[in-house]
Each structure stands twice: as C-alpha cells, then as structure tokens.
$ cat my_file.pdb   # PDB, C-alpha atoms
MODEL        1
ATOM      1  CA  MET A  15     -10.628   7.533 -21.564  1.00  0.00           C
ATOM      2  CA  GLN A  16     -10.712   5.438 -24.739  1.00  0.00           C
ATOM      3  CA  ALA A  17      -6.917   5.169 -24.725  1.00  0.00           C
ATOM      4  CA  LEU A  18      -6.971   4.073 -21.081  1.00  0.00           C
ATOM      5  CA  THR A  19      -9.648   1.481 -21.801  1.00  0.00           C
ATOM      6  CA  SER A  20      -7.548   0.030 -24.613  1.00  0.00           C
ATOM      7  CA  LEU A  21      -4.471  -0.021 -22.393  1.00  0.00           C
ATOM      8  CA  MET A  22      -6.286  -1.757 -19.555  1.00  0.00           C
ATOM      9  CA  ALA A  23      -7.889  -4.283 -21.881  1.00  0.00           C
ATOM     10  CA  ALA A  24      -4.460  -5.226 -23.214  1.00  0.00           C
ATOM     11  CA  TYR A  25      -2.256  -4.996 -20.101  1.00  0.00           C
ATOM     12  CA  GLY A  26      -4.623  -4.503 -17.168  1.00  0.00           C
ATOM     13  CA  LEU A  27      -4.116  -7.882 -15.516  1.00  0.00           C
ATOM     14  CA  THR A  28      -0.341  -7.682 -15.875  1.00  0.00           C
ATOM     15  CA  LEU A  29      -0.346  -4.207 -14.335  1.00  0.00           C
ATOM     16  CA  VAL A  30      -2.579  -5.318 -11.483  1.00  0.00           C
ATOM     17  CA  PHE A  31      -0.295  -8.231 -10.626  1.00  0.00           C
ATOM     18  CA  ALA A  32       2.969  -6.304 -10.945  1.00  0.00           C
ATOM     19  CA  VAL A  33       1.860  -3.167  -9.087  1.00  0.00           C
ATOM     20  CA  THR A  34       0.036  -5.055  -6.332  1.00  0.00           C
ATOM     21  CA  LEU A  35       2.964  -7.404  -5.764  1.00  0.00           C
ATOM     22  CA  ALA A  36       5.392  -4.473  -5.654  1.00  0.00           C
ATOM     23  CA  ALA A  37       3.143  -2.611  -3.208  1.00  0.00           C
ATOM     24  CA  ARG A  38       2.988  -5.663  -0.943  1.00  0.00           C
ATOM     25  CA  ALA A  39       6.777  -5.819  -1.103  1.00  0.00           C
ATOM     26  CA  GLY A  40       6.933  -2.252   0.214  1.00  0.00           C
ATOM     27  CA  VAL A  41       7.410  -0.263  -2.985  1.00  0.00           C
ATOM     28  CA  PRO A  42       5.297   2.924  -2.779  1.00  0.00           C
ATOM     29  CA  LEU A  43       3.134   2.240  -5.829  1.00  0.00           C
ATOM     30  CA  PRO A  44      -0.611   3.109  -6.027  1.00  0.00           C
ATOM     31  CA  ALA A  45      -2.089  -0.394  -6.027  1.00  0.00           C
ATOM     32  CA  ALA A  46      -5.479   0.625  -4.611  1.00  0.00           C
ATOM     33  CA  PRO A  47      -6.069   3.489  -7.122  1.00  0.00           C
ATOM     34  CA  LEU A  48      -5.079   1.130  -9.931  1.00  0.00           C
ATOM     35  CA  LEU A  49      -7.738  -1.360  -8.823  1.00  0.00           C
ATOM     36  CA  VAL A  50     -10.302   1.449  -8.774  1.00  0.00           C
ATOM     37  CA  VAL A  51      -9.376   2.361 -12.358  1.00  0.00           C
ATOM     38  CA  VAL A  52      -9.520  -1.276 -13.478  1.00  0.00           C
ATOM     39  CA  GLY A  53     -12.903  -1.672 -11.817  1.00  0.00           C
ATOM     40  CA  GLY A  54     -14.186   1.425 -13.586  1.00  0.00           C
ATOM     41  CA  VAL A  55     -12.851   0.315 -16.964  1.00  0.00           C
ATOM     42  CA  SER A  56     -14.350  -3.156 -16.547  1.00  0.00           C
ATOM     43  CA  ALA A  57     -17.788  -1.603 -16.036  1.00  0.00           C
ATOM     44  CA  SER A  58     -17.522   0.172 -19.394  1.00  0.00           C
ATOM     45  CA  LEU A  59     -16.628  -2.977 -21.353  1.00  0.00           C
ATOM     46  CA  PRO A  60     -19.192  -5.443 -22.768  1.00  0.00           C
ATOM     47  CA  GLY A  61     -19.007  -8.475 -20.522  1.00  0.00           C
ATOM     48  CA  GLY A  62     -16.465  -6.639 -18.377  1.00  0.00           C
ATOM     49  CA  LEU A  63     -17.443  -8.524 -15.219  1.00  0.00           C
ATOM     50  CA  LEU A  64     -16.235 -11.836 -16.639  1.00  0.00           C
ATOM     51  CA  GLN A  65     -13.536 -10.513 -18.945  1.00  0.00           C
ATOM     52  CA  MET A  66     -11.783  -8.134 -16.556  1.00  0.00           C
ATOM     53  CA  TRP A  67     -13.345  -7.650 -13.117  1.00  0.00           C
ATOM     54  CA  LEU A  68     -13.247 -11.238 -11.861  1.00  0.00           C
ATOM     55  CA  PRO A  69      -9.839 -12.011 -13.436  1.00  0.00           C
ATOM     56  CA  ALA A  70      -8.455  -8.783 -11.897  1.00  0.00           C
ATOM     57  CA  LEU A  71      -9.829  -9.854  -8.511  1.00  0.00           C
ATOM     58  CA  ALA A  72      -8.129 -13.252  -8.787  1.00  0.00           C
ATOM     59  CA  VAL A  73      -4.838 -11.703  -9.918  1.00  0.00           C
ATOM     60  CA  ALA A  74      -4.892  -9.093  -7.130  1.00  0.00           C
ATOM     61  CA  ILE A  75      -5.549 -11.760  -4.491  1.00  0.00           C
ATOM     62  CA  ALA A  76      -2.694 -13.898  -5.831  1.00  0.00           C
ATOM     63  CA  ALA A  77      -0.266 -10.956  -5.829  1.00  0.00           C
ATOM     64  CA  ASN A  78      -1.291  -9.963  -2.307  1.00  0.00           C
ATOM     65  CA  VAL A  79      -0.876 -13.464  -0.894  1.00  0.00           C
ATOM     66  CA  LEU A  80       2.425 -14.042  -2.689  1.00  0.00           C
ATOM     67  CA  GLY A  81       3.936 -10.776  -1.462  1.00  0.00           C
ATOM     68  CA  ASP A  82       2.634 -11.230   2.081  1.00  0.00           C
ATOM     69  CA  ALA A  83       3.822 -14.849   2.187  1.00  0.00           C
ATOM     70  CA  LEU A  84       7.387 -13.780   1.410  1.00  0.00           C
ATOM     71  CA  TRP A  85       7.312 -11.264   4.274  1.00  0.00           C
ATOM     72  CA  TYR A  86       5.696 -13.863   6.545  1.00  0.00           C
ATOM     73  CA  LEU A  87       8.575 -16.262   5.875  1.00  0.00           C
ATOM     74  CA  ALA A  88      11.068 -13.453   6.514  1.00  0.00           C
ATOM     75  CA  GLY A  89       9.356 -12.754   9.837  1.00  0.00           C
ATOM     76  CA  ARG A  90       9.567 -16.416  10.866  1.00  0.00           C
ATOM     77  CA  ARG A  91      13.224 -16.544   9.837  1.00  0.00           C
ATOM     78  CA  TYR A  92      14.532 -13.255  11.224  1.00  0.00           C
ATOM     79  CA  GLY A  93      11.933 -12.237  13.811  1.00  0.00           C
ATOM     80  CA  HIS A  94      11.853  -8.650  15.002  1.00  0.00           C
ATOM     81  CA  ARG A  95      15.060  -7.793  13.146  1.00  0.00           C
ATOM     82  CA  ILE A  96      13.215  -7.662   9.833  1.00  0.00           C
ATOM     83  CA  LEU A  97      10.466  -5.592  11.448  1.00  0.00           C
ATOM     84  CA  ARG A  98      12.917  -2.992  12.735  1.00  0.00           C
ATOM     85  CA  LEU A  99      14.491  -2.841   9.274  1.00  0.00           C
ATOM     86  CA  LEU A 100      11.122  -2.223   7.611  1.00  0.00           C
ATOM     87  CA  CYS A 101      10.113   0.404  10.145  1.00  0.00           C
ATOM     88  CA  ARG A 102      13.255   2.411   9.425  1.00  0.00           C
ATOM     89  CA  PHE A 103      11.748   3.295   6.066  1.00  0.00           C
ATOM     90  CA  SER A 104       8.431   4.334   7.570  1.00  0.00           C
ATOM     91  CA  LEU A 105       7.537   8.001   8.043  1.00  0.00           C
ATOM     92  CA  SER A 106       6.506   7.053  11.598  1.00  0.00           C
ATOM     93  CA  PRO A 107       9.125   4.507  12.719  1.00  0.00           C
ATOM     94  CA  ASP A 108       8.317   4.877  16.415  1.00  0.00           C
ATOM     95  CA  SER A 109       4.660   3.895  15.990  1.00  0.00           C
ATOM     96  CA  CYS A 110       5.300   1.432  13.152  1.00  0.00           C
ATOM     97  CA  LEU A 111       6.559  -1.451  15.282  1.00  0.00           C
ATOM     98  CA  THR A 112       4.523  -0.830  18.433  1.00  0.00           C
ATOM     99  CA  GLY A 113       1.339  -0.118  16.484  1.00  0.00           C
ATOM    100  CA  SER A 114       1.699  -3.272  14.395  1.00  0.00           C
ATOM    101  CA  GLU A 115       2.422  -5.496  17.389  1.00  0.00           C
ATOM    102  CA  SER A 116      -0.477  -4.003  19.341  1.00  0.00           C
ATOM    103  CA  LEU A 117      -2.848  -4.506  16.402  1.00  0.00           C
ATOM    104  CA  MET A 118      -1.755  -8.115  15.961  1.00  0.00           C
ATOM    105  CA  ALA A 119      -2.065  -8.851  19.689  1.00  0.00           C
ATOM    106  CA  ARG A 120      -5.579  -7.378  19.902  1.00  0.00           C
ATOM    107  CA  ARG A 121      -7.057  -8.732  16.671  1.00  0.00           C
ATOM    108  CA  GLY A 122      -4.968 -11.802  15.877  1.00  0.00           C
ATOM    109  CA  GLY A 123      -5.446 -12.927  12.289  1.00  0.00           C
ATOM    110  CA  GLY A 124      -8.067 -10.215  11.791  1.00  0.00           C
ATOM    111  CA  ALA A 125      -5.210  -7.731  11.948  1.00  0.00           C
ATOM    112  CA  LEU A 126      -4.159  -8.877   8.483  1.00  0.00           C
ATOM    113  CA  LEU A 127      -7.381  -7.380   7.129  1.00  0.00           C
ATOM    114  CA  ALA A 128      -7.264  -4.211   9.227  1.00  0.00           C
ATOM    115  CA  ALA A 129      -3.590  -3.650   8.382  1.00  0.00           C
ATOM    116  CA  LYS A 130      -4.278  -3.508   4.639  1.00  0.00           C
ATOM    117  CA  PHE A 131      -6.135  -0.243   5.198  1.00  0.00           C
ATOM    118  CA  VAL A 132      -3.601   1.290   7.631  1.00  0.00           C
ATOM    119  CA  PRO A 133      -0.666   3.078   5.921  1.00  0.00           C
ATOM    120  CA  GLY A 134       2.686   2.098   7.399  1.00  0.00           C
ATOM    121  CA  VAL A 135       1.296  -1.069   8.985  1.00  0.00           C
ATOM    122  CA  SER A 136       0.263  -3.003   5.877  1.00  0.00           C
ATOM    123  CA  VAL A 137       3.804  -4.082   4.975  1.00  0.00           C
ATOM    124  CA  VAL A 138       4.717  -4.936   8.579  1.00  0.00           C
ATOM    125  CA  ALA A 139       1.649  -7.073   9.394  1.00  0.00           C
ATOM    126  CA  ALA A 140       2.760 -10.165   7.466  1.00  0.00           C
ATOM    127  CA  PRO A 141       6.293 -10.385   8.929  1.00  0.00           C
ATOM    128  CA  MET A 142       4.807  -9.582  12.337  1.00  0.00           C
ATOM    129  CA  ALA A 143       2.535 -12.621  11.980  1.00  0.00           C
ATOM    130  CA  GLY A 144       5.570 -14.728  11.164  1.00  0.00           C
ATOM    131  CA  ALA A 145       7.632 -13.320  14.016  1.00  0.00           C
ATOM    132  CA  LEU A 146       4.821 -13.985  16.496  1.00  0.00           C
ATOM    133  CA  GLY A 147       4.542 -17.598  15.360  1.00  0.00           C
ATOM    134  CA  MET A 148       1.200 -17.648  13.532  1.00  0.00           C
ATOM    135  CA  ALA A 149       0.656 -21.076  11.941  1.00  0.00           C
ATOM    136  CA  PRO A 150       1.346 -21.070   8.174  1.00  0.00           C
ATOM    137  CA  ARG A 151      -2.054 -22.525   7.230  1.00  0.00           C
ATOM    138  CA  ARG A 152      -3.902 -20.015   9.382  1.00  0.00           C
ATOM    139  CA  PHE A 153      -1.850 -17.174   7.915  1.00  0.00           C
ATOM    140  CA  LEU A 154      -2.525 -18.201   4.314  1.00  0.00           C
ATOM    141  CA  LEU A 155      -6.267 -18.618   4.872  1.00  0.00           C
ATOM    142  CA  GLN A 156      -6.711 -15.334   6.701  1.00  0.00           C
ATOM    143  CA  ASP A 157      -4.413 -13.419   4.380  1.00  0.00           C
ATOM    144  CA  ALA A 158      -6.278 -14.752   1.344  1.00  0.00           C
ATOM    145  CA  LEU A 159      -9.563 -13.628   2.907  1.00  0.00           C
ATOM    146  CA  ALA A 160      -8.129 -10.203   3.767  1.00  0.00           C
ATOM    147  CA  SER A 161      -6.714  -9.866   0.249  1.00  0.00           C
ATOM    148  CA  ALA A 162     -10.078 -10.773  -1.282  1.00  0.00           C
ATOM    149  CA  VAL A 163     -11.912  -8.163   0.787  1.00  0.00           C
ATOM    150  CA  TRP A 164      -9.309  -5.471   0.062  1.00  0.00           C
ATOM    151  CA  SER A 165      -9.199  -6.183  -3.684  1.00  0.00           C
ATOM    152  CA  ALA A 166     -12.965  -6.540  -4.118  1.00  0.00           C
ATOM    153  CA  LEU A 167     -13.570  -3.275  -2.258  1.00  0.00           C
ATOM    154  CA  TYR A 168     -11.446  -1.146  -4.580  1.00  0.00           C
ATOM    155  CA  LEU A 169     -12.513  -2.958  -7.738  1.00  0.00           C
ATOM    156  CA  GLY A 170     -16.126  -2.579  -6.626  1.00  0.00           C
ATOM    157  CA  LEU A 171     -15.713   1.125  -5.952  1.00  0.00           C
ATOM    158  CA  GLY A 172     -14.348   1.590  -9.445  1.00  0.00           C
ATOM    159  CA  ALA A 173     -17.278  -0.283 -11.004  1.00  0.00           C
ATOM    160  CA  LEU A 174     -19.816   1.530  -8.834  1.00  0.00           C
ATOM    161  CA  PHE A 175     -18.515   4.993  -9.671  1.00  0.00           C
ATOM    162  CA  SER A 176     -17.406   4.280 -13.229  1.00  0.00           C
ATOM    163  CA  ARG A 177     -19.170   7.346 -14.665  1.00  0.00           C
ATOM    164  CA  GLN A 178     -17.615   9.678 -12.113  1.00  0.00           C
ATOM    165  CA  LEU A 179     -14.286   7.976 -12.749  1.00  0.00           C
ATOM    166  CA  ASP A 180     -14.569   8.738 -16.462  1.00  0.00           C
ATOM    167  CA  ALA A 181     -15.056  12.422 -15.698  1.00  0.00           C
ATOM    168  CA  LEU A 182     -12.199  12.423 -13.197  1.00  0.00           C
ATOM    169  CA  LEU A 183      -9.778  10.761 -15.612  1.00  0.00           C
ATOM    170  CA  ASP A 184     -10.719  13.221 -18.342  1.00  0.00           C
ATOM    171  CA  ALA A 185     -10.066  16.106 -15.945  1.00  0.00           C
ATOM    172  CA  LEU A 186      -6.715  14.634 -14.933  1.00  0.00           C
ATOM    173  CA  ALA A 187      -5.763  14.206 -18.579  1.00  0.00           C
ATOM    174  CA  THR A 188      -6.588  17.860 -19.169  1.00  0.00           C
ATOM    175  CA  ALA A 189      -4.561  18.984 -16.166  1.00  0.00           C
ATOM    176  CA  GLY A 190      -1.630  16.903 -17.373  1.00  0.00           C
ATOM    177  CA  LEU A 191       1.874  17.517 -16.083  1.00  0.00           C
ATOM    178  CA  ALA A 192       0.921  20.533 -13.976  1.00  0.00           C
ATOM    179  CA  LEU A 193      -1.181  18.404 -11.633  1.00  0.00           C
ATOM    180  CA  ALA A 194       1.506  15.733 -11.470  1.00  0.00           C
ATOM    181  CA  ALA A 195       4.110  18.337 -10.536  1.00  0.00           C
ATOM    182  CA  VAL A 196       1.909  19.772  -7.776  1.00  0.00           C
ATOM    183  CA  ALA A 197       1.271  16.285  -6.379  1.00  0.00           C
ATOM    184  CA  ALA A 198       4.988  15.455  -6.434  1.00  0.00           C
ATOM    185  CA  LEU A 199       5.881  18.696  -4.664  1.00  0.00           C
ATOM    186  CA  GLY A 200       3.209  18.094  -2.052  1.00  0.00           C
ATOM    187  CA  LEU A 201       4.489  14.585  -1.368  1.00  0.00           C
ATOM    188  CA  ALA A 202       8.085  15.783  -1.149  1.00  0.00           C
ATOM    189  CA  GLY A 203       7.064  18.565   1.236  1.00  0.00           C
ATOM    190  CA  PHE A 204       5.165  16.143   3.464  1.00  0.00           C
ATOM    191  CA  ALA A 205       8.127  13.748   3.581  1.00  0.00           C
ATOM    192  CA  ALA A 206      10.490  16.626   4.447  1.00  0.00           C
ATOM    193  CA  TRP A 207       8.160  17.825   7.203  1.00  0.00           C
ATOM    194  CA  ARG A 208       7.971  14.344   8.740  1.00  0.00           C
ATOM    195  CA  TRP A 209      11.777  14.006   8.526  1.00  0.00           C
ATOM    196  CA  TRP A 210      12.166  17.331  10.333  1.00  0.00           C
ATOM    197  CA  GLN A 211       9.725  16.179  13.033  1.00  0.00           C
ATOM    198  CA  ARG A 212      11.793  13.066  13.583  1.00  0.00           C
ATOM    199  CA  HIS A 213      15.286  14.551  13.356  1.00  0.00           C
ATOM    200  CA  GLY A 214      15.010  18.326  13.729  1.00  0.00           C
ATOM    201  CA  ALA A 215      14.633  18.290  17.485  1.00  0.00           C
ATOM    202  CA  ALA A 216      17.759  16.170  17.786  1.00  0.00           C
ATOM    203  CA  LEU A 217      19.947  18.618  15.882  1.00  0.00           C
ATOM    204  CA  PRO A 218      22.279  20.609  18.143  1.00  0.00           C
ATOM    205  CA  ASP A 219      21.490  24.265  18.708  1.00  0.00           C
ATOM    206  CA  SER A 220      24.356  26.068  16.994  1.00  0.00           C
ATOM    207  CA  GLY A 221      23.758  29.239  18.989  1.00  0.00           C
ATOM    208  CA  ALA A 222      23.949  27.386  22.263  1.00  0.00           C
ATOM    209  CA  GLN A 223      27.108  25.627  21.158  1.00  0.00           C
ATOM    210  CA  ASP A 224      28.737  28.973  20.226  1.00  0.00           C
ATOM    211  CA  ALA A 225      27.806  30.483  23.558  1.00  0.00           C
ATOM    212  CA  HIS A 226      29.207  27.486  25.362  1.00  0.00           C
ATOM    213  CA  GLY A 227      32.431  27.736  23.385  1.00  0.00           C
ATOM    214  CA  VAL A 228      32.816  31.438  24.203  1.00  0.00           C
ATOM    215  CA  ALA A 229      32.215  30.794  27.861  1.00  0.00           C
TER     216      ALA A 229
ENDMDL
END

$ encode --input "my_file.pdb" --output "structure tokens"
Amino acid sequence: MQALTSLMAAYGLTLVFAVTLAARAGVPLPAAPLLVVVGGVSASLPGGLLQMWLPALAVAIAANVLGDALWYLAGRRYGHRILRLLCRFSLSPDSCLTGSESLMARRGGGALLAAKFVPGVSVVAAPMAGALGMAPRRFLLQDALASAVWSALYLGLGALFSRQLDALLDALATAGLALAAVAALGLAGFAAWRWWQRHGAALPDSGAQDAHGVA
C-alpha cells in the first residue's frame, strides 16, 4: 500500500485525467475503480482532502466534460451514423441505440447522469444528445453536473472505505498475477459468450446443409 500511496501522490492526478478521458472516449479502462483508489489514498494522506481529493475531483470533471463534449460535437455533426458506429463495438448492439434514445427521450438532460452508471450507454449518451439537438449550453451545464456527481461518488466511496480498501489492495498484491489471469480469462469468456449469442444463431447448420445437398 505504501508503494501505491507514493505512486498516487506523484502521478495520481495525471492518471485520473488520462484514464477518465480515455474511458469517456470509449476505451475500456477502469476509470471508476481508479477514482475509488485515489479517494482511499487521499484519506490516508495528511491534508489529503485539499492535496488530492478535491484536485482529483476537479480533474475528473474536466476529463469527463472534455471527452463527452467531443462526442457531443460528433453527434451534432454526423447524427445517428456515429451512434450506429459506436454501438457496433457494444456487447449489446441491438439495445445500445434503442436503449440510449429511449433514456434520452424519457429523462432529457438527466439521462446524462443516469447514463454514466449504465454500461454500454455511457459513451453513447453524449453523441445522442448532440444528434437529438440538445443546446450546447444546456449540454455543458448538465454534463458538468453529471460528471461532478459521478466523480464525487467514487472518490467519496474510496475515502469512506479507505481502511477496507487498504486490506483489499494488500490481498490483491498477494494474489498477484494469478488473480489477474483469472480475471482476464473470465472477461474473455464473457465476451465470447456474448458474441456467440449475437452470431451463433445466424450460423448455418452444417448438418442441414449436407442433408439438403444429398437430397
């Protein structure tokens, strides 16, 4: 834990900005868990609230708004074409577009907050707002508010459970590469299962084709 604390004290804000911005851009990086770790580390530092927690909150909000603003502009420029492109990379492409549009229609700007906690919808919400013609000022205000709530929640959880986080990080360090390998295999298996759900039923039945050819 001491090594992690030193690392976060030196590079924590840079990591928060880079990882959060990449996550908002659609890269599958663990932005929320990183904020939890930063929140936990800040609670263990003297004056951590002012030295790390509040700066991390500001940096996370800025990265969120910047990444979402780029997608918002893409949505205004290209409309539903950019949405269909993004949904192709989702594990649930059929529900990605319809679910996002339904959420935006029902909740308006409030969907920007709800979407940040819905996997597969978070990246699509900002371009959806642009495609549906949300005013730029309204988008920026509501996205900044949503980003503040999202960032403060995970940073707060880390600070609140900092002692439990210490124990968890020590356990993960002990588990080492074995745990990482199990997690990677589990993720790969889940992705393969979802791919088979989407495409397996569409594959031709080789036995039926052979029988048809013989006939």

$ closest_residue --input "my_file.pdb" --among "A:Val132, A:Leu59, A:Ala70, A:Ala24" --to "Leu169 in chain A" --atoms "only C-alpha atoms"
A:Ala70

$ closest_residue --input "my_file.pdb" --among "A:Ala23, A:Leu154, A:Ala46, A:Thr34" --to "Ser58 in chain A" --atoms "all atoms listed in the file"
A:Ala23

$ resolve_selection --input "my_file.pdb" --expression "the PyMOL selection byres ((chain A and resi 172) around 9)" --output "PyMOL selection string"
chain A and resi 47+49-57+167-171+173-176+179

$ atom_distance --input "my_file.pdb" --atom1 "CA of Ala140 in chain A" --atom2 "CA of Arg90 in chain A"
9.8 Å

$ atom_distance --input "my_file.pdb" --atom1 "CA of Val33 in chain A" --atom2 "CA of Gly93 in chain A"
26.6 Å

$ atom_distance --input "my_file.pdb" --atom1 "CA of Phe153 in chain A" --atom2 "CA of Ala166 in chain A"
19.5 Å

$ residues_around --input "my_file.pdb" --residues "Gly40 in chain A" --least-positions-apart "2" --cutoff "9 Å" --atoms "all atoms listed in the file" --output "JSON list (two decimals) with C-alpha atoms, in the coordinates of the input"
[["chain", "number", "residue", "atom", "x", "y", "z"],
["A", 35, "LEU", "CA", 2.96, -7.40, -5.76],
["A", 36, "ALA", "CA", 5.39, -4.47, -5.65],
["A", 37, "ALA", "CA", 3.14, -2.61, -3.21],
["A", 38, "ARG", "CA", 2.99, -5.66, -0.94],
["A", 42, "PRO", "CA", 5.30, 2.92, -2.78],
["A", 43, "LEU", "CA", 3.13, 2.24, -5.83],
["A", 100, "LEU", "CA", 11.12, -2.22, 7.61],
["A", 136, "SER", "CA", 0.26, -3.00, 5.88],
["A", 137, "VAL", "CA", 3.80, -4.08, 4.97]]

$ resolve_selection --input "my_file.pdb" --expression "the PyMOL selection byres ((chain A and resi 158) around 10)" --output "ChimeraX atom specification"
/A:75-76,78-80,82,126-127,152-157,159-164

$ write_last_selection --input "my_file.pdb" --atoms "C-alpha atoms" --output "PDB file, in the frame of the given file"
ATOM      1  CA  ILE A  75      -5.549 -11.760  -4.491  1.00  0.00           C
ATOM      2  CA  ALA A  76      -2.694 -13.898  -5.831  1.00  0.00           C
ATOM      3  CA  ASN A  78      -1.291  -9.963  -2.307  1.00  0.00           C
ATOM      4  CA  VAL A  79      -0.876 -13.464  -0.894  1.00  0.00           C
ATOM      5  CA  LEU A  80       2.425 -14.042  -2.689  1.00  0.00           C
ATOM      6  CA  ASP A  82       2.634 -11.230   2.081  1.00  0.00           C
ATOM      7  CA  LEU A 126      -4.159  -8.877   8.483  1.00  0.00           C
ATOM      8  CA  LEU A 127      -7.381  -7.380   7.129  1.00  0.00           C
ATOM      9  CA  ARG A 152      -3.902 -20.015   9.382  1.00  0.00           C
ATOM     10  CA  PHE A 153      -1.850 -17.174   7.915  1.00  0.00           C
ATOM     11  CA  LEU A 154      -2.525 -18.201   4.314  1.00  0.00           C
ATOM     12  CA  LEU A 155      -6.267 -18.618   4.872  1.00  0.00           C
ATOM     13  CA  GLN A 156      -6.711 -15.334   6.701  1.00  0.00           C
ATOM     14  CA  ASP A 157      -4.413 -13.419   4.380  1.00  0.00           C
ATOM     15  CA  LEU A 159      -9.563 -13.628   2.907  1.00  0.00           C
ATOM     16  CA  ALA A 160      -8.129 -10.203   3.767  1.00  0.00           C
ATOM     17  CA  SER A 161      -6.714  -9.866   0.249  1.00  0.00           C
ATOM     18  CA  ALA A 162     -10.078 -10.773  -1.282  1.00  0.00           C
ATOM     19  CA  VAL A 163     -11.912  -8.163   0.787  1.00  0.00           C
ATOM     20  CA  TRP A 164      -9.309  -5.471   0.062  1.00  0.00           C
TER      21      TRP A 164
END

$ closest_residue --input "my_file.pdb" --among "A:Ala74, A:Leu21, A:Ala139, A:Leu63" --to "His94 in chain A" --atoms "all atoms listed in the file"
A:Ala139

$ closest_residue --input "my_file.pdb" --among "A:Ala83, A:Ala45, A:Leu99, A:Arg177" --to "Ala143 in chain A" --atoms "all atoms listed in the file"
A:Ala83

$ closest_residue --input "my_file.pdb" --among "A:Tyr92, A:Met22, A:Tyr86, A:Leu48" --to "Gly62 in chain A" --atoms "all atoms listed in the file"
A:Met22

$ build_atoms --input "my_file.pdb" --residues "range 147-164 of chain A" --atoms "N, CA and C atoms" --output "short mmCIF file (atom, residue, chain, number, x, y, z; two decimals), in the coordinates of the input"
data_model
loop_
_atom_site.label_atom_id
_atom_site.label_comp_id
_atom_site.auth_asym_id
_atom_site.auth_seq_id
_atom_site.Cartn_x
_atom_site.Cartn_y
_atom_site.Cartn_z
N GLY A 147 4.78 -16.16 15.40
CA GLY A 147 4.54 -17.60 15.36
C GLY A 147 3.17 -18.03 14.88
N MET A 148 2.48 -17.22 14.07
CA MET A 148 1.20 -17.65 13.53
C MET A 148 1.41 -18.86 12.63
N ALA A 149 0.54 -19.85 12.75
CA ALA A 149 0.66 -21.08 11.94
C ALA A 149 0.55 -20.75 10.46
N PRO A 150 1.36 -21.38 9.61
CA PRO A 150 1.35 -21.07 8.17
C PRO A 150 -0.03 -21.23 7.53
N ARG A 151 -0.75 -22.32 7.85
CA ARG A 151 -2.05 -22.52 7.23
C ARG A 151 -3.03 -21.42 7.64
N ARG A 152 -3.01 -21.08 8.91
CA ARG A 152 -3.90 -20.02 9.38
C ARG A 152 -3.56 -18.69 8.70
N PHE A 153 -2.27 -18.42 8.57
CA PHE A 153 -1.85 -17.17 7.92
C PHE A 153 -2.35 -17.12 6.47
N LEU A 154 -2.14 -18.20 5.72
CA LEU A 154 -2.52 -18.20 4.31
C LEU A 154 -4.04 -18.04 4.15
N LEU A 155 -4.82 -18.73 4.98
CA LEU A 155 -6.27 -18.62 4.87
C LEU A 155 -6.75 -17.20 5.19
N GLN A 156 -6.25 -16.65 6.29
CA GLN A 156 -6.71 -15.33 6.70
C GLN A 156 -6.16 -14.24 5.80
N ASP A 157 -4.96 -14.43 5.29
CA ASP A 157 -4.41 -13.42 4.38
C ASP A 157 -5.14 -13.46 3.04
N ALA A 158 -5.51 -14.65 2.59
CA ALA A 158 -6.28 -14.75 1.34
C ALA A 158 -7.64 -14.07 1.51
N LEU A 159 -8.28 -14.28 2.66
CA LEU A 159 -9.56 -13.63 2.91
C LEU A 159 -9.40 -12.11 2.96
N ALA A 160 -8.38 -11.65 3.68
CA ALA A 160 -8.13 -10.20 3.77
C ALA A 160 -7.83 -9.62 2.39
N SER A 161 -7.06 -10.34 1.60
CA SER A 161 -6.71 -9.87 0.25
C SER A 161 -7.95 -9.80 -0.64
N ALA A 162 -8.86 -10.77 -0.49
CA ALA A 162 -10.08 -10.77 -1.28
C ALA A 162 -10.96 -9.59 -0.93
N VAL A 163 -11.09 -9.30 0.36
CA VAL A 163 -11.91 -8.16 0.79
C VAL A 163 -11.31 -6.86 0.29
N TRP A 164 -10.00 -6.70 0.47
CA TRP A 164 -9.31 -5.47 0.06
C TRP A 164 -9.43 -5.26 -1.45
#
